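Here is coords.txt, consisting of compact mmCIF, C-alpha atoms:
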# COMPACT_ATOMS: atom_id res chain seq x y z
CA MET A 232 0.00 0.00 0.00
CA PHE A 233 2.83 2.39 0.77
CA ARG A 234 4.41 2.09 -2.62
CA THR A 235 2.22 4.86 -3.92
CA PHE A 236 4.43 7.85 -3.43
CA ALA A 237 7.79 6.08 -3.49
CA LEU A 238 10.29 7.66 -5.83
CA PRO A 239 12.33 5.49 -8.16
CA LEU A 240 15.68 4.84 -6.55
CA ALA A 241 17.44 5.94 -9.70
CA LEU A 242 16.20 9.48 -9.12
CA THR A 243 16.87 9.73 -5.42
CA GLY A 244 20.59 10.29 -5.77
CA ALA A 245 20.55 12.28 -8.97
CA LEU A 246 21.22 15.59 -7.24
CA ALA A 247 24.69 14.28 -6.34
CA LEU A 248 25.62 14.08 -10.03
CA THR A 249 25.64 17.75 -10.96
CA GLY A 250 29.41 17.96 -11.04
CA CYS A 251 29.83 20.25 -8.05
CA ALA A 252 30.88 17.95 -5.27
CA PRO A 253 31.68 20.56 -2.58
CA ALA A 254 28.27 22.15 -2.76
CA PRO A 255 25.92 20.93 -0.08
CA ALA A 256 22.83 19.15 -1.23
CA PRO A 257 19.90 21.53 -1.37
CA PRO A 258 17.56 21.27 1.60
CA PRO A 259 14.47 19.12 1.14
CA ALA A 260 12.35 22.25 0.85
CA ALA A 261 14.11 23.02 -2.42
CA ALA A 262 12.39 20.17 -4.19
CA THR A 263 11.15 21.20 -7.59
CA PRO A 264 8.93 18.48 -9.00
CA VAL A 265 7.67 19.29 -12.45
CA VAL A 266 4.15 20.69 -12.49
CA ASP A 267 1.80 19.74 -15.31
CA ASN A 268 4.50 18.51 -17.66
CA PRO A 269 2.69 18.37 -21.04
CA ALA A 270 3.94 14.84 -21.72
CA ASP A 271 2.59 13.70 -18.35
CA ILE A 272 -0.78 15.36 -18.90
CA ALA A 273 -0.96 13.70 -22.31
CA ALA A 274 -0.19 10.36 -20.68
CA LEU A 275 -3.04 10.79 -18.23
CA ASN A 276 -5.37 11.72 -21.06
CA ASP A 277 -4.25 8.58 -22.89
CA ALA A 278 -4.81 6.46 -19.79
CA ARG A 279 -8.33 7.83 -19.42
CA ALA A 280 -9.07 7.05 -23.08
CA ALA A 281 -7.65 3.54 -22.68
CA PHE A 282 -9.83 3.04 -19.61
CA MET A 283 -12.98 3.93 -21.55
CA LYS A 284 -11.98 1.73 -24.50
CA ALA A 285 -11.21 -1.28 -22.31
CA TYR A 286 -14.47 -0.86 -20.41
CA GLU A 287 -16.48 -0.84 -23.61
CA ALA A 288 -14.57 -3.93 -24.77
CA GLY A 289 -15.29 -5.66 -21.46
CA ASP A 290 -11.56 -6.33 -21.11
CA ALA A 291 -10.89 -6.72 -17.39
CA THR A 292 -7.23 -7.54 -17.87
CA ALA A 293 -6.62 -4.42 -19.95
CA ILE A 294 -8.31 -2.30 -17.29
CA GLY A 295 -6.22 -4.00 -14.62
CA ASN A 296 -3.04 -3.04 -16.44
CA LEU A 297 -4.06 0.61 -16.08
CA TYR A 298 -3.85 0.19 -12.30
CA MET A 299 -0.77 -0.15 -10.11
CA PRO A 300 -0.40 -3.65 -8.64
CA ASP A 301 -1.14 -2.16 -5.20
CA ALA A 302 -3.95 0.13 -6.34
CA ILE A 303 -7.05 0.62 -4.21
CA SER A 304 -10.33 1.20 -6.00
CA GLU A 305 -13.30 2.50 -4.03
CA SER A 306 -16.48 2.66 -6.05
CA ASN A 307 -19.65 4.06 -4.58
CA ASN A 308 -21.67 1.56 -2.54
CA GLN A 309 -19.20 -1.24 -3.28
CA PRO A 310 -16.51 -2.85 -1.15
CA SER A 311 -13.02 -1.41 -1.45
CA LEU A 312 -10.91 -3.40 -3.93
CA VAL A 313 -7.31 -3.71 -2.75
CA GLY A 314 -4.80 -4.63 -5.42
CA ARG A 315 -4.92 -5.11 -9.17
CA ASP A 316 -5.88 -8.77 -8.85
CA ALA A 317 -8.97 -7.94 -6.82
CA ILE A 318 -9.90 -5.20 -9.28
CA VAL A 319 -9.58 -7.53 -12.26
CA ALA A 320 -11.55 -10.31 -10.54
CA SER A 321 -14.36 -7.88 -9.75
CA LEU A 322 -14.42 -6.59 -13.32
CA LYS A 323 -14.48 -10.10 -14.78
CA GLY A 324 -17.48 -10.95 -12.64
CA MET A 325 -19.24 -7.80 -13.76
CA PHE A 326 -18.49 -8.25 -17.46
CA GLU A 327 -19.97 -11.76 -17.35
CA GLN A 328 -23.30 -10.18 -16.57
CA VAL A 329 -23.34 -6.77 -18.23
CA GLY A 330 -21.83 -4.62 -20.91
CA VAL A 331 -20.62 -1.25 -19.66
CA LYS A 332 -20.02 1.94 -21.59
CA THR A 333 -18.24 4.54 -19.51
CA THR A 334 -17.65 8.13 -20.55
CA LEU A 335 -15.25 10.12 -18.38
CA THR A 336 -15.29 13.90 -18.75
CA PRO A 337 -12.34 15.48 -16.96
CA ALA A 338 -12.73 18.71 -15.00
CA GLU A 339 -9.12 18.80 -13.83
CA THR A 340 -6.01 16.86 -14.87
CA ARG A 341 -2.82 17.67 -12.98
CA THR A 342 0.60 16.24 -12.38
CA LEU A 343 3.31 17.05 -9.86
CA GLY A 344 6.47 15.09 -10.44
CA ASN A 345 5.47 11.45 -10.40
CA VAL A 346 1.97 11.87 -8.99
CA GLY A 347 -1.14 13.04 -10.78
CA LEU A 348 -4.77 13.86 -10.24
CA ASP A 349 -7.67 13.41 -12.62
CA ARG A 350 -11.12 14.55 -11.54
CA GLY A 351 -14.35 14.90 -13.38
CA THR A 352 -17.71 13.38 -14.11
CA TYR A 353 -18.77 10.08 -15.58
CA THR A 354 -21.72 8.66 -17.42
CA VAL A 355 -22.12 4.90 -17.30
CA THR A 356 -24.58 2.87 -19.34
CA VAL A 357 -25.00 -0.70 -18.15
CA THR A 358 -26.60 -3.23 -20.51
CA PRO A 359 -27.48 -6.59 -18.94
CA LYS A 360 -26.52 -9.52 -21.12
CA ALA A 361 -29.71 -11.27 -19.99
CA GLY A 362 -31.68 -8.84 -22.12
CA ALA A 363 -33.04 -6.30 -19.67
CA PRO A 364 -33.05 -2.70 -20.89
CA PRO A 365 -29.89 -0.64 -20.34
CA SER A 366 -29.70 1.86 -17.51
CA THR A 367 -27.60 5.01 -17.32
CA SER A 368 -26.17 6.74 -14.28
CA GLU A 369 -24.00 9.78 -13.71
CA GLY A 370 -21.51 10.73 -11.06
CA ARG A 371 -18.09 12.14 -10.23
CA TYR A 372 -14.71 10.47 -10.15
CA MET A 373 -11.37 11.29 -8.54
CA VAL A 374 -8.26 9.36 -9.57
CA ILE A 375 -4.74 9.56 -8.18
CA TYR A 376 -2.12 8.46 -10.67
CA VAL A 377 1.51 7.58 -10.09
CA LYS A 378 4.25 7.08 -12.62
CA ASP A 379 5.22 3.43 -12.41
CA ALA A 380 8.85 2.26 -12.47
CA ASP A 381 8.53 1.57 -16.21
CA GLY A 382 7.50 5.18 -16.86
CA THR A 383 3.83 4.34 -17.37
CA TRP A 384 1.28 6.39 -15.47
CA ARG A 385 -1.09 4.07 -13.63
CA VAL A 386 -4.02 4.52 -11.28
CA SER A 387 -3.02 4.29 -7.63
CA ARG A 388 -6.27 5.26 -5.91
CA ASP A 389 -9.70 5.99 -7.27
CA MET A 390 -13.08 6.88 -5.88
CA ASP A 391 -16.41 7.87 -7.36
CA ASN A 392 -19.71 9.05 -6.02
CA GLY A 393 -23.17 10.17 -7.05
CA LEU A 394 -24.19 13.55 -8.34
CA MET A 395 -27.79 13.42 -7.21
CA PRO A 396 -29.61 12.51 -4.03
CA PRO A 397 -31.10 9.02 -4.13
CA ALA A 398 -34.68 8.75 -5.26
CA PRO A 399 -37.14 9.31 -2.42
CA PRO A 400 -38.95 6.29 -1.00
CA SER A 401 -41.82 5.19 -3.18
CA THR A 402 -44.32 6.27 -0.54
CA ALA A 403 -43.22 9.92 -0.78
CA ALA A 404 -44.61 12.26 -3.41
CA PRO A 405 -41.96 13.55 -5.84
CA ALA A 406 -40.78 17.05 -5.04
CA GLY A 407 -42.95 19.68 -6.64
CA GLU A 408 -46.07 17.50 -6.90
CA SER A 409 -49.01 18.39 -4.73
CA LYS A 410 -52.00 17.21 -6.73
CA GLN A 411 -53.74 15.23 -4.06
CA MET B 90 -8.72 25.98 -9.34
CA PHE B 91 -5.19 25.58 -10.58
CA ARG B 92 -3.58 26.91 -7.45
CA THR B 93 -3.65 23.47 -5.93
CA PHE B 94 -0.26 22.18 -6.91
CA ALA B 95 1.50 25.52 -7.37
CA LEU B 96 4.76 25.75 -5.52
CA PRO B 97 5.54 28.79 -3.39
CA LEU B 98 7.63 31.17 -5.46
CA ALA B 99 10.19 31.38 -2.67
CA LEU B 100 11.09 27.76 -3.27
CA THR B 101 11.13 27.79 -7.03
CA GLY B 102 14.52 29.44 -7.31
CA ALA B 103 16.12 27.91 -4.22
CA LEU B 104 18.25 25.51 -6.22
CA ALA B 105 20.10 28.48 -7.66
CA LEU B 106 21.36 29.46 -4.20
CA THR B 107 23.59 26.52 -3.42
CA GLY B 108 26.79 28.48 -4.01
CA CYS B 109 27.83 26.69 -7.14
CA ALA B 110 26.91 29.05 -9.91
CA PRO B 111 28.58 27.24 -12.83
CA ALA B 112 26.82 23.99 -12.14
CA PRO B 113 23.82 23.46 -14.35
CA ALA B 114 20.49 23.17 -12.62
CA PRO B 115 19.61 19.55 -12.04
CA PRO B 116 17.16 18.17 -14.54
CA PRO B 117 13.53 18.22 -13.50
CA ALA B 118 13.64 14.48 -12.90
CA ALA B 119 16.01 15.08 -9.99
CA ALA B 120 13.27 16.46 -7.80
CA THR B 121 13.37 15.04 -4.30
CA PRO B 122 10.22 16.05 -2.45
CA VAL B 123 10.13 14.81 1.11
CA VAL B 124 8.01 11.68 1.55
CA ASP B 125 5.95 11.29 4.74
CA ASN B 126 7.82 13.92 6.72
CA PRO B 127 6.74 13.18 10.33
CA ALA B 128 5.89 16.83 10.98
CA ASP B 129 3.67 16.88 7.88
CA ILE B 130 1.92 13.64 8.82
CA ALA B 131 1.33 15.07 12.30
CA ALA B 132 -0.12 18.20 10.73
CA LEU B 133 -2.57 16.13 8.68
CA ASN B 134 -3.56 14.20 11.79
CA ASP B 135 -4.12 17.51 13.56
CA ALA B 136 -6.20 18.81 10.66
CA ARG B 137 -8.38 15.70 10.75
CA ALA B 138 -8.88 16.10 14.50
CA ALA B 139 -9.74 19.78 14.05
CA PHE B 140 -12.24 18.85 11.35
CA MET B 141 -14.04 16.45 13.69
CA LYS B 142 -14.02 18.95 16.54
CA ALA B 143 -15.38 21.79 14.41
CA TYR B 144 -18.08 19.54 12.96
CA GLU B 145 -19.25 18.55 16.42
CA ALA B 146 -19.24 22.22 17.44
CA GLY B 147 -21.27 23.12 14.35
CA ASP B 148 -18.66 25.74 13.49
CA ALA B 149 -18.86 26.26 9.73
CA THR B 150 -16.23 29.02 9.73
CA ALA B 151 -13.70 26.85 11.56
CA ILE B 152 -14.30 24.04 9.08
CA GLY B 153 -13.92 26.49 6.21
CA ASN B 154 -10.52 27.54 7.52
CA LEU B 155 -9.37 23.94 7.15
CA TYR B 156 -9.98 24.24 3.39
CA MET B 157 -7.95 26.12 0.81
CA PRO B 158 -9.81 29.18 -0.54
CA ASP B 159 -10.08 27.38 -3.90
CA ALA B 160 -10.95 23.96 -2.48
CA ILE B 161 -13.50 21.73 -4.17
CA SER B 162 -15.63 19.51 -1.95
CA GLU B 163 -17.60 16.69 -3.54
CA SER B 164 -19.83 14.89 -1.09
CA ASN B 165 -21.85 11.89 -2.15
CA ASN B 166 -25.19 12.75 -3.76
CA GLN B 167 -24.61 16.47 -3.27
CA PRO B 168 -23.64 19.22 -5.69
CA SER B 169 -19.93 19.99 -5.96
CA LEU B 170 -18.96 22.92 -3.73
CA VAL B 171 -16.35 25.12 -5.40
CA GLY B 172 -14.42 27.40 -3.07
CA ARG B 173 -14.25 27.89 0.68
CA ASP B 174 -17.12 30.38 0.65
CA ALA B 175 -19.49 27.89 -0.95
CA ILE B 176 -18.38 25.20 1.49
CA VAL B 177 -18.99 27.45 4.51
CA ALA B 178 -22.39 28.56 3.22
CA SER B 179 -23.45 24.95 2.72
CA LEU B 180 -22.27 24.01 6.21
CA LYS B 181 -24.05 26.96 7.81
CA GLY B 182 -27.29 25.88 6.17
CA MET B 183 -26.81 22.34 7.40
CA PHE B 184 -25.92 23.31 10.96
CA GLU B 185 -29.10 25.38 11.22
CA GLN B 186 -31.06 22.19 10.85
CA VAL B 187 -28.95 19.41 12.34
CA GLY B 188 -26.13 18.58 14.69
CA VAL B 189 -23.45 16.41 13.13
CA LYS B 190 -20.91 14.19 14.83
CA THR B 191 -18.30 12.91 12.39
CA THR B 192 -15.67 10.31 13.18
CA LEU B 193 -12.91 9.91 10.60
CA THR B 194 -10.78 6.78 10.81
CA PRO B 195 -7.74 7.04 8.54
CA ALA B 196 -6.55 4.05 6.54
CA GLU B 197 -3.71 5.94 4.85
CA THR B 198 -2.09 9.31 5.51
CA ARG B 199 0.70 10.34 3.16
CA THR B 200 2.62 13.41 2.14
CA LEU B 201 4.92 14.12 -0.76
CA GLY B 202 6.51 17.52 -0.55
CA ASN B 203 3.66 20.00 -0.30
CA VAL B 204 0.82 17.63 -1.21
CA GLY B 205 -0.82 15.02 0.96
CA LEU B 206 -3.41 12.28 0.89
CA ASP B 207 -5.69 11.16 3.68
CA ARG B 208 -8.04 8.25 3.05
CA GLY B 209 -10.23 6.24 5.32
CA THR B 210 -13.72 5.65 6.58
CA TYR B 211 -16.21 7.85 8.34
CA THR B 212 -19.15 7.47 10.64
CA VAL B 213 -21.60 10.37 10.75
CA THR B 214 -24.44 10.77 13.20
CA VAL B 215 -26.95 13.45 12.26
CA THR B 216 -29.32 14.75 14.92
CA PRO B 217 -32.14 16.97 13.65
CA LYS B 218 -32.67 20.05 15.79
CA ALA B 219 -36.42 19.68 15.24
CA GLY B 220 -36.38 16.66 17.51
CA ALA B 221 -36.42 13.68 15.16
CA PRO B 222 -34.24 10.76 16.23
CA PRO B 223 -30.58 10.77 15.13
CA SER B 224 -29.45 8.68 12.18
CA THR B 225 -26.01 7.22 11.56
CA SER B 226 -24.32 6.44 8.27
CA GLU B 227 -20.92 5.10 7.25
CA GLY B 228 -18.74 5.58 4.23
CA ARG B 229 -15.28 6.30 2.85
CA TYR B 230 -13.44 9.57 2.37
CA MET B 231 -10.48 10.67 0.27
CA VAL B 232 -8.88 14.05 0.93
CA ILE B 233 -6.08 15.77 -0.95
CA TYR B 234 -4.20 18.27 1.17
CA VAL B 235 -1.78 20.98 0.13
CA LYS B 236 0.54 23.04 2.26
CA ASP B 237 -0.72 26.61 2.08
CA ALA B 238 1.60 29.60 1.68
CA ASP B 239 1.48 30.16 5.46
CA GLY B 240 2.74 26.62 6.07
CA THR B 241 -0.65 25.28 7.14
CA TRP B 242 -1.86 22.07 5.53
CA ARG B 243 -5.36 22.60 4.14
CA VAL B 244 -7.85 20.50 2.22
CA SER B 245 -7.68 21.07 -1.52
CA ARG B 246 -10.04 18.39 -2.80
CA ASP B 247 -12.26 15.95 -1.00
CA MET B 248 -14.73 13.25 -1.92
CA ASP B 249 -16.68 10.64 -0.03
CA ASN B 250 -18.92 7.77 -0.94
CA GLY B 251 -20.97 4.96 0.51
CA LEU B 252 -19.70 1.64 1.78
CA MET B 253 -22.86 -0.34 1.22
CA PRO B 254 -25.32 -0.81 -1.63
CA PRO B 255 -28.46 1.27 -1.19
CA ALA B 256 -31.38 -0.39 0.50
CA PRO B 257 -33.53 -2.40 -1.91
CA PRO B 258 -36.88 -0.94 -2.95
CA SER B 259 -39.51 -1.44 -0.31
CA THR B 260 -41.35 -3.92 -2.53
CA ALA B 261 -38.39 -6.31 -2.58
CA ALA B 262 -37.80 -8.86 0.16
CA PRO B 263 -34.58 -8.27 2.12
CA ALA B 264 -31.72 -10.51 1.04
CA GLY B 265 -31.80 -13.85 2.83
CA GLU B 266 -35.52 -13.78 3.53
CA SER B 267 -37.68 -16.33 1.74
CA LYS B 268 -40.55 -16.93 4.14
CA GLN B 269 -43.38 -16.51 1.71
Will you turn the file into structure tokens for me?
Amino acid sequence: MFRTFALPLALTGALALTGCAPAPAPPPAAATPVVDNPADIAALNDARAAFMKAYEAGDATAIGNLYMPDAISESNNQPSLVGRDAIVASLKGMFEQVGVKTTLTPAETRTLGNVGLDRGTYTVTVTPKAGAPPSTSEGRYMVIYVKDADGTWRVSRDMDNGLMPPAPPSTAAPAGESKQ
Amino acid sequence: MFRTFALPLALTGALALTGCAPAPAPPPAAATPVVDNPADIAALNDARAAFMKAYEAGDATAIGNLYMPDAISESNNQPSLVGRDAIVASLKGMFEQVGVKTTLTPAETRTLGNVGLDRGTYTVTVTPKAGAPPSTSEGRYMVIYVKDADGTWRVSRDMDNGLMPPAPPSTAAPAGESKQ
């Protein structure tokens, strides 16, 4: 779980290689991670597109490869999924029963060094393979990315929730109706 | 909105002050933000404790001061609140109607330089001031902190969601019951 923010070892000592041995290492506060590097933002955009494509294809393994091995996925009203294997197993079970088309619309896509944030809204249309009519829901998502050791940005943590209050109990009149 | 990951200007040029003018600046990849600095983790723990205390006191202004001015708060089944002012206004409206006791139980508290992550579960007990009985709910939270210009860690983005599937429609038998 604590791999999330770990820096690649190859980078940790790089400040010692600037060719100025007598100079003291800069204090930790002098860290200058790159903010919103265009290549990193593009990589997050690509990852989001790959996520949507793999969902529509029902490809649990491809989705799993977009997550870190120690990722934690926390979807609304579902148990937390800890680790890529658990995420893939959950997806496989779902795709046996339904087709899922997910559209992610980012509101904010940021990177800071080797960590990133992607937030926005989603629309999901679920089509049961048993033949029931499809249903569509909307919500928000928040994803924390990290750059994996191979240079690939992968999802480390994600969460989603609902945009709208749940429907009132069937015994209550819908808001705005007062005919009786 | 894009203030979240901005580095204080005072730090941006600090690498130039190491007394070794001819040395080239290290490449951006050499960034070494401090991971899980104990003082920063303690500050996040303090912020979480202050959040719970201010909630129980019904103090919307105190809660607002725990957020960045440009924070975005996305609570389950509620509209997104953009900015501290909107967050405080929403809280004031809520506290006029109910008392709220919130217990946050962290599962993960991390910092990387000037950004942090706090994730876990919550239990909220809402007591209507009109006299109705209190109700308790549980869920998960994910909070992104940033270190403000004054050195205080404040919430930049937060989201929560539900742990359990919503109750079935009242016409459906509860799971496990098959008496009829």
Inset, instruction - Find the residues near region 195-204 of chain B: any atom within 7 Å, counting all atoms listed in the file, skip ones fewer than 3 places away on the same chain, and give them as a list of chain:residue names. - result: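 Final neighbour list, sorted by chain and number: A:Phe236, B:Pro122, B:Val123, B:Val124, B:Asp125, B:Asn126, B:Asp129, B:Ile130, B:Asp207, B:Arg208, B:Gly209, B:Thr210, B:Tyr234, B:Val235, B:Lys236.
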Inset, instruction - Please indicate the distance in Å from CA of Asp247 (chain B) to CA of Tyr156 (chain B), rounded to one decimal place. - result: 9.7 Å
Inset, instruction - Do a neighbour search on Met253 (chain B) at 9 Å with only C-alpha atoms, toss out local chain neighbours closer than 5 positions, and write the hits as a ChimeraX atom specification. - result: /A:307-310 /B:227-228
Legend entry - Among the residues A:Thr333, A:Ser311, A:Ser304, A:Thr292, the one that comes closest to chain B [using all atoms listed in the file]: A:Ser311
Inset, instruction - Tell me, in Å to one decimal, how far CA of Gly220 (chain B) is from CA of Ala146 (chain B). - result: 18.0 Å
Legend entry - Atomic distance CA of Asn134 (chain B) - CA of Asp174 (chain B), expressed in Å with one decimal: 23.9 Å
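Distance check against Trp242 (chain B) using all atoms listed in the file: of B:Gly147, B:Gly205, B:Glu185, B:Thr192, the minimum falls on B:Gly205.
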